[in-house]
Every structure is written in C-alpha cells, then in structure tokens.
>>> print(open('input-v9.tsv').read())   # TSV, C-alpha atoms
chain	number	residue	atom	x	y	z
A	110	MET	CA	249.15	-214.67	0.78
A	111	PHE	CA	245.99	-212.80	1.61
A	112	LYS	CA	245.28	-210.90	-1.54
A	113	LYS	CA	241.61	-211.83	-1.49
A	114	GLU	CA	239.31	-211.00	1.38
A	115	PHE	CA	237.98	-213.92	3.34
A	116	THR	CA	235.82	-214.81	6.31
A	117	PRO	CA	237.34	-216.46	9.35
A	118	GLY	CA	236.85	-220.15	9.88
A	119	ALA	CA	236.23	-221.92	13.12
A	120	LYS	CA	237.55	-220.34	16.29
A	121	SER	CA	238.87	-222.79	18.84
A	122	LYS	CA	240.55	-222.44	22.20
A	123	VAL	CA	244.21	-223.25	22.37
A	124	LYS	CA	245.37	-225.73	24.97
A	125	SER	CA	247.64	-224.19	27.58
A	126	SER	CA	250.48	-226.47	26.51
A	127	ALA	CA	250.10	-225.27	22.95
A	128	GLN	CA	249.81	-221.71	24.22
A	129	ARG	CA	253.12	-222.06	26.02
A	130	ALA	CA	254.65	-223.50	22.88
A	131	VAL	CA	253.46	-220.54	20.85
A	132	ARG	CA	254.82	-218.14	23.44
A	133	ALA	CA	258.19	-219.87	23.36
A	134	LYS	CA	258.31	-219.81	19.59
A	135	VAL	CA	257.45	-216.14	19.49
A	136	LEU	CA	260.17	-215.30	21.99
A	137	GLU	CA	262.63	-217.39	20.05
A	138	THR	CA	261.93	-215.67	16.77
A	139	TYR	CA	261.58	-212.18	18.22
A	140	PRO	CA	263.77	-211.91	21.31
A	141	LEU	CA	263.28	-208.16	21.49
A	142	LEU	CA	259.61	-208.70	22.23
A	143	GLU	CA	260.40	-210.17	25.62
A	144	PRO	CA	259.52	-207.19	27.84
A	145	HIS	CA	256.19	-206.89	26.08
A	146	ILE	CA	255.26	-210.50	25.74
A	147	ASP	CA	252.87	-210.32	28.66
A	148	GLU	CA	250.96	-207.52	27.04
A	149	ILE	CA	250.72	-209.31	23.74
A	150	LEU	CA	250.29	-212.91	24.86
A	151	PRO	CA	249.13	-212.82	28.47
A	152	LYS	CA	249.61	-216.11	30.24
A	153	LYS	CA	246.32	-215.95	32.03
A	154	GLU	CA	244.14	-215.17	29.08
A	155	GLN	CA	242.75	-217.65	26.66
A	156	LEU	CA	244.45	-217.72	23.30
A	157	ASP	CA	242.17	-218.47	20.37
A	158	LEU	CA	243.04	-220.20	17.15
A	159	VAL	CA	241.21	-219.20	14.00
A	160	LYS	CA	241.59	-221.21	10.86
A	161	ILE	CA	241.80	-219.25	7.66
A	162	PRO	CA	241.99	-220.47	4.07
A	163	ASP	CA	245.26	-221.80	2.69
A	164	ARG	CA	246.20	-223.79	5.77
A	165	VAL	CA	246.92	-220.73	7.83
A	166	SER	CA	246.29	-220.59	11.57
A	167	LEU	CA	245.77	-217.25	13.20
A	168	TYR	CA	246.34	-216.89	16.92
A	169	CYS	CA	244.32	-214.14	18.50
A	170	ASN	CA	243.36	-212.81	21.88
A	171	GLY	CA	239.62	-212.34	21.70
A	172	THR	CA	239.13	-210.10	18.70
A	173	THR	CA	242.73	-208.94	18.42
A	174	PRO	CA	244.78	-210.85	15.87
A	175	LEU	CA	248.30	-211.54	17.12
A	176	PHE	CA	250.35	-214.02	15.11
A	177	PHE	CA	249.72	-216.23	12.18
A	178	GLN	CA	251.42	-219.28	10.78
A	179	HIS	CA	251.25	-221.01	7.44
A	180	MET	CA	251.43	-224.74	8.07
A	181	ASP	CA	254.61	-225.12	10.10
A	182	ASP	CA	256.56	-222.20	8.71
A	183	ALA	CA	257.83	-219.32	10.78
A	184	ILE	CA	255.32	-217.60	12.98
A	185	LEU	CA	254.62	-214.09	11.75
A	186	PRO	CA	253.17	-211.12	13.59
A	187	HIS	CA	250.03	-209.42	12.42
A	188	LEU	CA	250.84	-205.90	11.22
A	189	LYS	CA	248.84	-204.39	14.05
A	190	VAL	CA	251.28	-205.96	16.49
A	191	VAL	CA	254.19	-204.66	14.42
A	192	HIS	CA	252.75	-201.16	14.53
A	193	LYS	CA	252.54	-201.29	18.28
A	194	TYR	CA	256.13	-202.44	18.86
A	195	PRO	CA	258.10	-201.45	15.78
A	196	TRP	CA	261.48	-201.58	17.53
A	197	ALA	CA	261.17	-205.28	18.28
A	198	PHE	CA	261.49	-206.49	14.71
A	199	THR	CA	264.23	-206.65	12.10
A	200	LYS	CA	263.49	-203.97	9.57
A	201	VAL	CA	264.25	-203.17	5.98
A	202	ARG	CA	262.96	-200.32	3.92
A	203	VAL	CA	261.69	-200.05	0.39
A	204	ASP	CA	261.84	-196.95	-1.73
A	205	ARG	CA	258.82	-194.87	-2.53
A	206	GLY	CA	258.20	-196.28	-5.97
A	207	ALA	CA	257.70	-199.76	-4.61
A	208	ILE	CA	255.06	-198.77	-2.07
A	209	ARG	CA	252.05	-199.02	-4.34
A	210	PHE	CA	253.12	-202.46	-5.49
A	211	VAL	CA	253.54	-203.67	-1.97
A	212	MET	CA	250.14	-202.27	-1.04
A	213	SER	CA	248.51	-204.32	-3.77
A	214	GLY	CA	250.17	-207.52	-2.71
A	215	ALA	CA	252.92	-207.85	-5.30
A	216	THR	CA	256.04	-209.91	-4.61
A	217	LEU	CA	258.74	-207.66	-3.21
A	218	MET	CA	261.77	-207.61	-5.49
A	219	VAL	CA	265.35	-206.88	-4.53
A	220	PRO	CA	265.73	-203.59	-6.45
A	221	GLY	CA	263.15	-202.11	-4.07
A	222	LEU	CA	265.63	-202.63	-1.25
A	223	THR	CA	268.91	-201.93	-3.00
A	224	SER	CA	267.93	-198.72	-4.79
A	225	PRO	CA	268.75	-195.33	-3.24
A	226	GLY	CA	265.52	-195.13	-1.27
A	227	GLY	CA	265.82	-198.57	0.24
A	228	ARG	CA	267.61	-199.65	3.38
A	229	LEU	CA	269.02	-203.08	3.98
A	230	ALA	CA	270.89	-204.54	6.93
A	231	GLY	CA	274.64	-204.29	6.78
A	232	ASP	CA	274.58	-201.29	4.45
A	233	GLU	CA	277.25	-198.72	4.91
A	234	GLY	CA	276.28	-195.73	6.98
A	235	VAL	CA	272.72	-196.91	7.38
A	236	GLU	CA	270.55	-195.66	10.22
A	237	GLU	CA	270.69	-197.81	13.28
A	238	GLU	CA	267.20	-199.14	13.16
A	239	TYR	CA	267.90	-200.78	9.82
A	240	GLY	CA	271.42	-201.76	10.65
A	241	ASN	CA	270.55	-204.95	12.54
A	242	ALA	CA	273.73	-204.38	14.55
A	243	GLY	CA	275.77	-204.88	11.40
A	244	LYS	CA	274.70	-208.48	10.92
A	245	GLU	CA	273.58	-209.70	7.55
A	246	LEU	CA	270.10	-211.10	7.13
A	247	GLU	CA	269.69	-214.68	6.05
A	248	VAL	CA	267.22	-216.59	3.95
A	249	GLY	CA	264.22	-217.49	6.04
A	250	ASP	CA	264.53	-214.54	8.40
A	251	VAL	CA	261.31	-212.83	9.31
A	252	VAL	CA	261.57	-209.22	8.36
A	253	VAL	CA	259.33	-206.19	8.61
A	254	VAL	CA	259.23	-203.86	5.63
A	255	ASN	CA	258.86	-200.14	6.13
A	256	ALA	CA	258.36	-197.59	3.41
A	257	GLU	CA	260.46	-194.59	2.55
A	258	GLY	CA	258.91	-191.55	4.11
A	259	LYS	CA	256.39	-193.49	6.15
A	260	ASP	CA	256.40	-194.33	9.81
A	261	SER	CA	254.56	-197.59	10.02
A	262	ALA	CA	255.32	-200.92	8.50
A	263	CYS	CA	253.57	-201.98	5.34
A	264	LEU	CA	254.63	-205.59	4.95
A	265	VAL	CA	255.89	-208.49	7.03
A	266	GLY	CA	257.30	-211.65	5.53
A	267	VAL	CA	260.02	-214.23	5.20
A	268	LEU	CA	263.18	-213.37	3.24
A	269	LYS	CA	263.81	-215.40	0.13
A	270	MET	CA	267.34	-214.07	-0.27
A	271	GLY	CA	270.05	-213.09	2.18
A	272	SER	CA	271.00	-209.41	2.36
A	273	ALA	CA	274.55	-210.05	1.15
A	274	GLU	CA	273.24	-211.91	-1.87
A	275	MET	CA	270.77	-209.14	-2.52
A	276	ARG	CA	273.45	-206.49	-2.63
A	277	GLU	CA	275.53	-208.64	-4.92
A	278	LYS	CA	272.89	-209.68	-7.41
A	279	LYS	CA	270.57	-206.67	-7.18
A	280	LYS	CA	267.91	-208.83	-8.83
A	281	GLY	CA	265.40	-211.42	-7.84
A	282	ILE	CA	262.71	-211.98	-5.28
A	283	ALA	CA	263.18	-210.56	-1.82
A	284	ILE	CA	259.93	-211.42	-0.06
A	285	GLU	CA	257.10	-213.53	-1.36
A	286	ASN	CA	253.64	-214.07	0.07
A	287	GLY	CA	253.85	-211.67	2.92
A	288	HIS	CA	251.14	-209.98	4.95
A	289	PHE	CA	250.67	-206.41	3.76
A	290	ALA	CA	248.61	-203.54	5.07
A	291	GLY	CA	245.11	-203.63	3.65
A	292	ASP	CA	245.09	-207.30	2.67
A	293	GLY	CA	242.51	-209.94	3.54
A	294	LEU	CA	244.11	-210.65	6.91
A	295	TRP	CA	244.29	-206.95	7.80
A	296	LYS	CA	240.63	-206.46	6.98
A	297	LEU	CA	239.57	-209.60	8.83
A	298	ASP	CA	236.79	-209.02	11.28
A	299	LEU	CA	237.10	-211.35	14.25
A	300	SER	CA	234.05	-210.29	16.25
B	122	MET	CA	255.88	-188.81	14.50
B	123	ALA	CA	258.18	-191.44	16.02
B	124	ASP	CA	261.55	-190.34	17.29
B	125	THR	CA	264.62	-191.86	15.77
B	126	ALA	CA	266.65	-191.92	18.98
B	127	THR	CA	268.46	-195.18	19.43
B	128	THR	CA	267.65	-197.27	22.45
B	129	PRO	CA	269.33	-200.41	23.77
B	130	ALA	CA	267.75	-203.73	22.93
B	131	GLY	CA	265.33	-205.10	25.48
B	132	ASP	CA	264.20	-201.72	26.77
B	133	VAL	CA	260.63	-201.39	27.84
B	134	ARG	CA	258.85	-198.77	25.84
B	135	PRO	CA	255.09	-198.58	26.05
B	136	ALA	CA	253.25	-199.86	23.03
B	137	LYS	CA	253.00	-197.31	20.30
B	138	ASN	CA	249.47	-196.20	19.77
B	139	VAL	CA	248.82	-196.07	16.06
B	140	ILE	CA	245.86	-194.23	14.66
B	141	TYR	CA	244.12	-195.91	11.77
B	142	CYS	CA	242.07	-194.07	9.18
B	143	GLY	CA	238.35	-194.43	9.73
B	144	VAL	CA	237.68	-194.79	6.03
B	145	CYS	CA	240.25	-197.26	4.77
B	146	THR	CA	241.52	-198.73	8.09
B	147	LEU	CA	245.13	-198.16	7.08
B	148	PRO	CA	247.57	-195.88	8.87
B	149	PRO	CA	246.78	-192.39	7.51
B	150	GLU	CA	250.09	-192.08	5.68
B	151	TYR	CA	249.09	-194.99	3.43
B	152	CYS	CA	245.68	-193.63	2.59
B	153	GLU	CA	246.82	-192.43	-0.80
B	154	PHE	CA	247.26	-196.06	-1.90
B	155	GLY	CA	243.87	-197.19	-0.81
B	156	GLY	CA	241.59	-195.85	-3.53
B	157	THR	CA	239.53	-193.58	-1.26
B	158	THR	CA	242.03	-190.76	-0.89
B	159	LYS	CA	239.54	-187.88	-0.91
B	160	LYS	CA	237.32	-189.33	1.78
B	161	CYS	CA	240.33	-190.34	3.83
B	162	GLU	CA	241.69	-186.83	3.71
B	163	GLU	CA	238.38	-185.35	4.84
B	164	TRP	CA	238.06	-187.86	7.65
B	165	LEU	CA	241.57	-187.13	8.82
B	166	GLU	CA	241.01	-183.41	8.72
B	167	SER	CA	237.93	-183.64	10.90
B	168	HIS	CA	239.29	-186.18	13.38
B	169	HIS	CA	243.01	-185.54	13.60
B	170	PRO	CA	243.80	-182.12	12.16
B	171	ASP	CA	247.40	-182.21	13.36
B	172	LEU	CA	248.11	-185.45	11.52
B	173	HIS	CA	246.32	-184.10	8.51
B	174	ASP	CA	248.62	-181.10	8.36
B	175	GLU	CA	251.66	-183.28	8.69
B	176	ILE	CA	250.72	-185.74	6.00
B	177	TYR	CA	248.91	-183.59	3.50
B	178	SER	CA	251.08	-180.51	3.76
B	179	PRO	CA	252.58	-179.27	0.50
B	180	ASP	CA	256.15	-180.15	1.60
B	181	ALA	CA	255.19	-183.76	2.19
B	182	ALA	CA	253.72	-183.98	-1.28
B	183	ALA	CA	256.77	-182.35	-2.83
B	184	ALA	CA	259.14	-184.67	-0.99
B	185	ALA	CA	257.15	-187.66	-2.11
B	186	LEU	CA	257.22	-186.75	-5.77
B	187	SER	CA	260.81	-185.60	-5.87
B	188	THR	CA	262.28	-189.03	-5.39
B	189	LEU	CA	260.39	-190.54	-8.29
B	190	SER	CA	261.34	-190.07	-11.89
B	191	VAL	CA	258.88	-188.35	-14.18
B	192	ASP	CA	257.70	-191.64	-15.67
B	193	ALA	CA	257.15	-193.20	-12.32
B	194	GLN	CA	255.24	-190.13	-11.18
B	195	LYS	CA	252.88	-190.35	-14.12
B	196	ARG	CA	252.35	-194.05	-13.60
B	197	ALA	CA	251.72	-193.51	-9.90
B	198	GLU	CA	249.08	-190.94	-10.70
B	199	LYS	CA	247.36	-193.15	-13.25
B	200	ASP	CA	247.35	-195.98	-10.79
B	201	ALA	CA	245.84	-193.85	-8.06
B	202	GLN	CA	243.13	-192.67	-10.41
B	203	LYS	CA	242.34	-196.19	-11.54
B	204	LYS	CA	242.06	-197.35	-7.96
B	205	ALA	CA	239.74	-194.51	-7.07
B	206	ALA	CA	237.56	-195.23	-10.08
B	207	LYS	CA	237.39	-198.91	-9.15
B	208	ALA	CA	236.39	-198.09	-5.60
B	209	VAL	CA	233.59	-195.84	-6.84
B	210	ALA	CA	232.37	-198.45	-9.32
B	211	GLN	CA	232.34	-201.11	-6.63
B	212	GLU	CA	230.31	-198.92	-4.31
B	213	ALA	CA	227.79	-198.20	-7.03
B	214	ARG	CA	227.46	-201.89	-7.81
B	215	GLU	CA	226.91	-202.73	-4.15
B	216	SER	CA	224.17	-200.18	-3.65
B	217	GLU	CA	222.50	-201.36	-6.85
B	218	ARG	CA	222.58	-204.94	-5.70
B	219	ARG	CA	221.03	-203.98	-2.41
B	220	ALA	CA	218.17	-202.25	-4.09
B	221	THR	CA	217.28	-205.10	-6.42
B	222	SER	CA	218.07	-208.16	-4.35
B	223	ARG	CA	215.22	-209.75	-2.53
B	224	ILE	CA	214.82	-212.10	0.34
B	225	THR	CA	212.93	-215.15	-0.84
B	226	ILE	CA	210.96	-217.13	1.70
B	227	LYS	CA	209.96	-220.45	0.26
B	228	ARG	CA	207.63	-222.95	1.79
B	229	VAL	CA	208.57	-226.37	0.52
B	230	GLU	CA	206.64	-229.55	1.06
B	231	ARG	CA	208.59	-232.29	2.75
B	232	ASN	CA	206.01	-234.95	3.44
B	233	LYS	CA	202.31	-234.78	2.77
B	234	ARG	CA	201.57	-232.47	5.65
B	235	LYS	CA	205.08	-231.38	6.71
B	236	TYR	CA	206.80	-228.30	5.42
B	237	VAL	CA	210.17	-226.70	5.40
B	238	THR	CA	210.80	-222.98	5.12
B	239	GLU	CA	213.77	-221.79	3.10
B	240	ILE	CA	215.01	-218.24	3.36
B	241	SER	CA	217.51	-217.18	0.74
B	242	GLY	CA	219.07	-213.87	-0.21
B	243	LEU	CA	220.05	-212.76	3.27
B	244	GLU	CA	223.73	-212.24	2.47
B	245	HIS	CA	222.98	-209.31	0.22
B	246	PHE	CA	221.74	-207.44	3.25
B	247	GLY	CA	224.68	-208.36	5.39
B	248	ILE	CA	222.69	-210.59	7.68
B	249	ASP	CA	224.79	-213.27	9.34
B	250	LEU	CA	223.35	-216.62	8.27
B	251	LYS	CA	224.70	-218.76	11.08
B	252	LYS	CA	223.43	-216.47	13.79
B	253	THR	CA	220.08	-216.10	12.11
B	254	ALA	CA	219.71	-219.85	11.73
B	255	LYS	CA	220.40	-220.34	15.43
B	256	GLU	CA	217.90	-217.67	16.40
B	257	PHE	CA	215.20	-219.20	14.27
B	258	GLY	CA	215.84	-222.56	15.80
B	259	LYS	CA	215.50	-221.10	19.26
B	260	LYS	CA	212.53	-218.94	18.50
B	261	PHE	CA	210.41	-221.54	16.76
B	262	ALA	CA	211.67	-224.43	18.88
B	263	THR	CA	212.52	-226.33	15.75
B	264	GLY	CA	215.48	-227.45	13.70
B	265	SER	CA	217.24	-224.87	11.61
B	266	SER	CA	220.42	-224.85	9.55
B	267	VAL	CA	222.36	-223.14	6.83
B	268	THR	CA	222.45	-224.98	3.52
B	269	LYS	CA	223.83	-224.33	0.08
B	270	THR	CA	221.54	-223.83	-2.91
B	271	ALA	CA	222.12	-225.14	-6.40
B	272	SER	CA	223.09	-221.70	-7.66
B	273	GLY	CA	225.86	-221.48	-5.09
B	274	GLY	CA	224.11	-219.18	-2.67
B	275	GLU	CA	223.32	-220.05	0.89
B	276	GLU	CA	219.99	-220.20	2.65
B	277	VAL	CA	218.56	-220.78	6.05
B	278	THR	CA	216.33	-223.84	6.26
B	279	VAL	CA	213.81	-224.00	9.08
B	280	GLN	CA	211.67	-227.05	9.78
B	281	GLY	CA	207.99	-226.42	9.71
B	282	ASP	CA	205.99	-223.69	8.10
B	283	VAL	CA	207.18	-220.47	9.67
B	284	SER	CA	207.07	-218.19	6.64
B	285	GLU	CA	204.71	-215.65	8.24
B	286	ASP	CA	206.74	-215.48	11.42
B	287	VAL	CA	209.92	-214.97	9.46
B	288	VAL	CA	208.48	-211.95	7.71
B	289	GLU	CA	207.50	-210.50	11.07
B	290	TRP	CA	210.88	-211.24	12.56
B	291	LEU	CA	212.61	-209.55	9.64
B	292	GLN	CA	210.60	-206.41	10.13
B	293	GLU	CA	211.33	-206.34	13.82
B	294	ASN	CA	215.01	-207.17	13.84
B	295	HIS	CA	216.16	-205.99	10.47
B	296	GLY	CA	214.04	-202.97	9.76
B	297	GLU	CA	216.40	-201.96	6.98
B	298	VAL	CA	214.89	-204.60	4.73
B	299	PRO	CA	212.00	-202.88	2.95
B	300	GLU	CA	208.79	-204.83	2.48
B	301	GLU	CA	208.95	-204.94	-1.30
B	302	ASN	CA	212.21	-206.81	-1.10
B	303	VAL	CA	210.69	-209.75	0.69
B	304	GLU	CA	209.03	-212.43	-1.40
B	305	CYS	CA	206.95	-215.35	-0.21
B	306	VAL	CA	206.87	-218.30	-2.56
B	307	GLU	CA	205.26	-221.69	-2.42
B	308	ASP	CA	207.35	-224.50	-3.80
B	309	LYS	CA	206.01	-227.88	-4.74
B	310	LYS	CA	209.42	-229.51	-4.96
B	311	LYS	CA	209.95	-232.70	-3.03
B	312	LYS	CA	213.04	-232.46	-0.89
B	313	GLY	CA	214.57	-235.48	0.83
B	314	GLY	CA	214.40	-234.83	4.55
B	315	ALA	CA	214.65	-231.38	6.10
>>> encode(input="input-v9.tsv", output="structure tokens")
Amino acid sequence: MFKKEFTPGAKSKVKSSAQRAVRAKVLETYPLLEPHIDEILPKKEQLDLVKIPDRVSLYCNGTTPLFFQHMDDAILPHLKVVHKYPWAFTKVRVDRGAIRFVMSGATLMVPGLTSPGGRLAGDEGVEEEYGNAGKELEVGDVVVVNAEGKDSACLVGVLKMGSAEMREKKKGIAIENGHFAGDGLWKLDLS
Amino acid sequence: MADTATTPAGDVRPAKNVIYCGVCTLPPEYCEFGGTTKKCEEWLESHHPDLHDEIYSPDAAAAALSTLSVDAQKRAEKDAQKKAAKAVAQEARESERRATSRITIKRVERNKRKYVTEISGLEHFGIDLKKTAKEFGKKFATGSSVTKTASGGEEVTVQGDVSEDVVEWLQENHGEVPEENVECVEDKKKKGGA
C-alpha cells in the first residue's frame, strides 16, 4: 500500500468521541493489547489524525504513528507499535527466501508460509507464539508477519486466505497491500 | 535477543525497546535488504558492537545461506548488489542536482506599480515551502503563499517587491545555499492578481 514515499497531509485533532471509538476498535481487534493500551493510546493525550494518500487515515500521538486505516477497513498497527509489543498480535512467519520480496513490497504468497521455513497457525508442533492457541486464522484477520531468523516483524496486513485453506491449496495470495518495514509509511516523518 | 518463554495472555510486559539502524532506519537484522549494507554494518559496529557481533557473525551468515537453495542464494546476492548500486546511483544524482539547481527569485509586475516576488527552486535544498511562505508573510507584513508553476514545481509567492530581502534572509537562515545558486530575475509577465 505504501510502496512509494509520500509526505503527510493535513494533521487534525481527533474528537474525544472519535478517540474513544478508535480505542474501542483497537481493543476489539487486539485484545492482548489491553494492559498496554494506556501507554499506546493515552486517554488524556490528544490523538492526531493525519491524512495520507489513497484514502488512508493515520492516527498518531504527536510525532509517533500508532494505527492506520484504509477507508473503513480493519485498523492496523504501525510496525513500530508491533515492534514494541510483539506478543500482542497474531503472528505468522515467512521463510528466508521470501524476506527480500516482502521488504520490497511484493504481495505475500502462500508458499512463503507453507514451506519448511514458514510458520502458520494450527500447524503441527509449531512454537507457541505462532500457534494462536490452535485456532485457525480466517480471511480478514489482521496478522503480523515475522521472518525466519529475525526477531522483529517485517509486515502487517489483512489475510486474504484462511490458514486451513492455505495449507490445503498451498498456492495463492496470502496478504496483499500490507505495511512493510521500510515502506513509505515507515519512512514518514511526522514532525 | 528476545526470549521465547511462553507467557499467559494479558500479562503486562514492558514495551520492548527496539533499536533501529541509524543509516536505513530498519531494525539492524534487516539492514542487508536495504541497499546500504556496508554503511549499516559500520554504523552498527560503532554504536552497538554487541548487536553487530550477533548479527554479522560468521555463524549467522552461514545459517542464513544454508536454508536457501543454490539458485536462490545467487539470486539473493544479485538482488543485494543491484539494490546497493541503485542506492549509490541515487545518492550521486541527488548531490548533482543540489550542485546545479538554483533558487530563482523573480520580480513580476502585477499592476503598473505593484509587484509580486516569486521564489522557486527551494525544494531542491530541502527547504519547507509552507513554513517559508508563512515566515515571509510575517516578516514582510504582506501576503504570501505557495503556488504551483506551469512546469509542475512549486514556488513561494510574496506580495510586493521583496527580492533583495529574500536574498538576505536566505543567507542568514539557510547558509548552506551558496551565492552562485541564487538568481534574481525580472519578469515582465502580467499575472492576474497576486
């Protein structure tokens, strides 16, 4: 979504009612963030809304980007937030060969997750952090993508295919239009 | 590196403090995909030698390559080289542009005795147009705005003839702009309004 670099648009204050709505939505989509929600989205502090190209709104606290939303789709965390609280998000892992494609903004394909280096929820004998408590992932779930051999996340996006389907078909698009490390949104200067 | 111990959901761990590379702004483990690997490595060595040893140690490199097939390895290397070359070419282009680009200060006639000053070419020097326009407005107590030129660039338009003052202001506030790069031009075009 943010392959090209861009400059931020207008920055406006968010009404407290809208701020509460954003908070609620974030907690709904990421329940594990609850203990930290005051650090990320403090009630007292003013939340700012920055408009960026392609009908995307970015919520930030001063100069720190927090969450962004394309039109009315799911609200996604900025990778910096994901790096700070990696345990709060549903994770999958891609194998090493896919890393350079992810880092240049390519669409993430299923083989990256089903090959030996990848980890997907519901896999047999998979480490707990990728296990998602044994539940399968569905289409439309927000998922954070880690890389084999790396600690921090490289991509966050919405799943285009459920994990069961992925294991069955082993082909197709897994995540499209995500926010990856080093993209326009990552490099955005909000000062 | 992060521990893989399992913890119950909803526990309160302090936020993880991630270090980002000073050169490519990515987490240091991803520096190899950024196109500035050499500089990143040097930066990491001087600022965080422990991380440097962990990431750039020979075992890490061996582990990384072992999981890829020979073909994929070769492709990965070619890709990394291409990226590095592109980054270098881009830098060279940028520095060239800076050397040749000039700031043009035009004095355009609006009505018989009224003028408008147009300053174009500021973006090449990284000068923020909006802020500059506001400052000019305040400083000269006159109207000032950012407008688009025919060629697609943007310029700051200030009401009145302030060309001399602008040159002075540039020297004071943006000393990095050398004198030869500033051009004063008189334009006889008739513009509708300011």
>>> interface_residues(input="input-v9.tsv", of="chain A", to="chain B", cutoff="10 Å", atoms="all atoms listed in the file", output="ChimeraX atom specification")
/A:140-145,148-149,189-197,204-206,208-213,225-226,236-238,256-263,290-291,295-296
>>> atom_distance(input="input-v9.tsv", atom1="CA of Lys280 in chain A", atom2="CA of Val219 in chain A")
5.4 Å
>>> axis_aligned_box(input="input-v9.tsv", around="range 250-254 of chain A", padding_each_side="3 Å", output="lines of an AutoDock Vina configuration file")
center_x = 261.9
center_y = -209.2
center_z = 7.5
size_x = 11.3
size_y = 16.7
size_z = 9.7
>>> residues_around(input="input-v9.tsv", residues="Asn170 in chain A", least_positions_apart="2", cutoff="10 Å", atoms="all atoms listed in the file", output="PyMOL selection string")
chain A and resi 149-151+154-158+168+172-176+299
>>> closest_residue(input="input-v9.tsv", among="A:Pro186, A:Ala283, A:Phe111, A:Ala273", to="Leu136 in chain A", atoms="all atoms listed in the file")
A:Pro186
>>> closest_residue(input="input-v9.tsv", among="A:Arg202, A:Lys152, A:His179, A:Lys120", to="Asn255 in chain A", atoms="all atoms listed in the file")
A:Arg202
>>> closest_residue(input="input-v9.tsv", among="B:Asp171, B:Glu230, B:Thr157, B:Val288", to="Val209 in chain B", atoms="all atoms listed in the file")
B:Thr157
>>> residues_around(input="input-v9.tsv", residues="Thr223 in chain A", least_positions_apart="4", cutoff="12 Å", atoms="all atoms listed in the file", output="list in words")
Val201, Arg202, Val203, Asp204, Ala207, Leu217, Met218, Val219, Gly227, Arg228, Leu229, Ala230, Gly231, Asp232, Glu233, Ser272, Ala273, Glu274, Met275, Arg276, Glu277, Lys278, Lys279, Lys280, Gly281 and Ala283 of chain A
>>> atom_distance(input="input-v9.tsv", atom1="CA of Gly221 in chain A", atom2="CA of Leu185 in chain A")
21.6 Å
>>> atom_distance(input="input-v9.tsv", atom1="CA of Lys112 in chain A", atom2="CA of Gly214 in chain A")
6.1 Å
>>> closest_residue(input="input-v9.tsv", among="B:Thr253, B:Gln280, B:Gln211, B:Ser266", to="Thr238 in chain B", atoms="only C-alpha atoms")
B:Gln280
>>> residues_around(input="input-v9.tsv", residues="Thr225 in chain B", least_positions_apart="5", cutoff="9 Å", atoms="all atoms listed in the file", output="PDB file with C-alpha atoms, in the coordinates of the input")
ATOM      1  CA  GLU B 239     213.770-221.790   3.100  1.00  0.00           C
ATOM      2  CA  ILE B 240     215.010-218.240   3.360  1.00  0.00           C
ATOM      3  CA  SER B 241     217.510-217.180   0.740  1.00  0.00           C
ATOM      4  CA  GLY B 242     219.070-213.870  -0.210  1.00  0.00           C
ATOM      5  CA  LEU B 243     220.050-212.760   3.270  1.00  0.00           C
ATOM      6  CA  ASN B 302     212.210-206.810  -1.100  1.00  0.00           C
ATOM      7  CA  VAL B 303     210.690-209.750   0.690  1.00  0.00           C
ATOM      8  CA  GLU B 304     209.030-212.430  -1.400  1.00  0.00           C
ATOM      9  CA  CYS B 305     206.950-215.350  -0.210  1.00  0.00           C
ATOM     10  CA  VAL B 306     206.870-218.300  -2.560  1.00  0.00           C
TER      11      VAL B 306
END
>>> residues_around(input="input-v9.tsv", residues="Met180 in chain A", least_positions_apart="5", cutoff="12 Å", atoms="all atoms listed in the file", output="PyMOL selection string")
chain A and resi 160-167+185
>>> write_last_selection(input="input-v9.tsv", atoms="C-alpha atoms", output="CSV table (one decimal), in the coordinates of the input")
chain,number,residue,atom,x,y,z
A,160,LYS,CA,241.6,-221.2,10.9
A,161,ILE,CA,241.8,-219.2,7.7
A,162,PRO,CA,242.0,-220.5,4.1
A,163,ASP,CA,245.3,-221.8,2.7
A,164,ARG,CA,246.2,-223.8,5.8
A,165,VAL,CA,246.9,-220.7,7.8
A,166,SER,CA,246.3,-220.6,11.6
A,167,LEU,CA,245.8,-217.2,13.2
A,185,LEU,CA,254.6,-214.1,11.8
>>> closest_residue(input="input-v9.tsv", among="B:Leu165, B:Ala271, B:Ile226, B:Val287", to="Cys152 in chain B", atoms="only C-alpha atoms")
B:Leu165
>>> closest_residue(input="input-v9.tsv", among="A:Lys134, A:Cys169, A:Lys244, A:Ser125", to="Lys153 in chain A", atoms="all atoms listed in the file")
A:Ser125
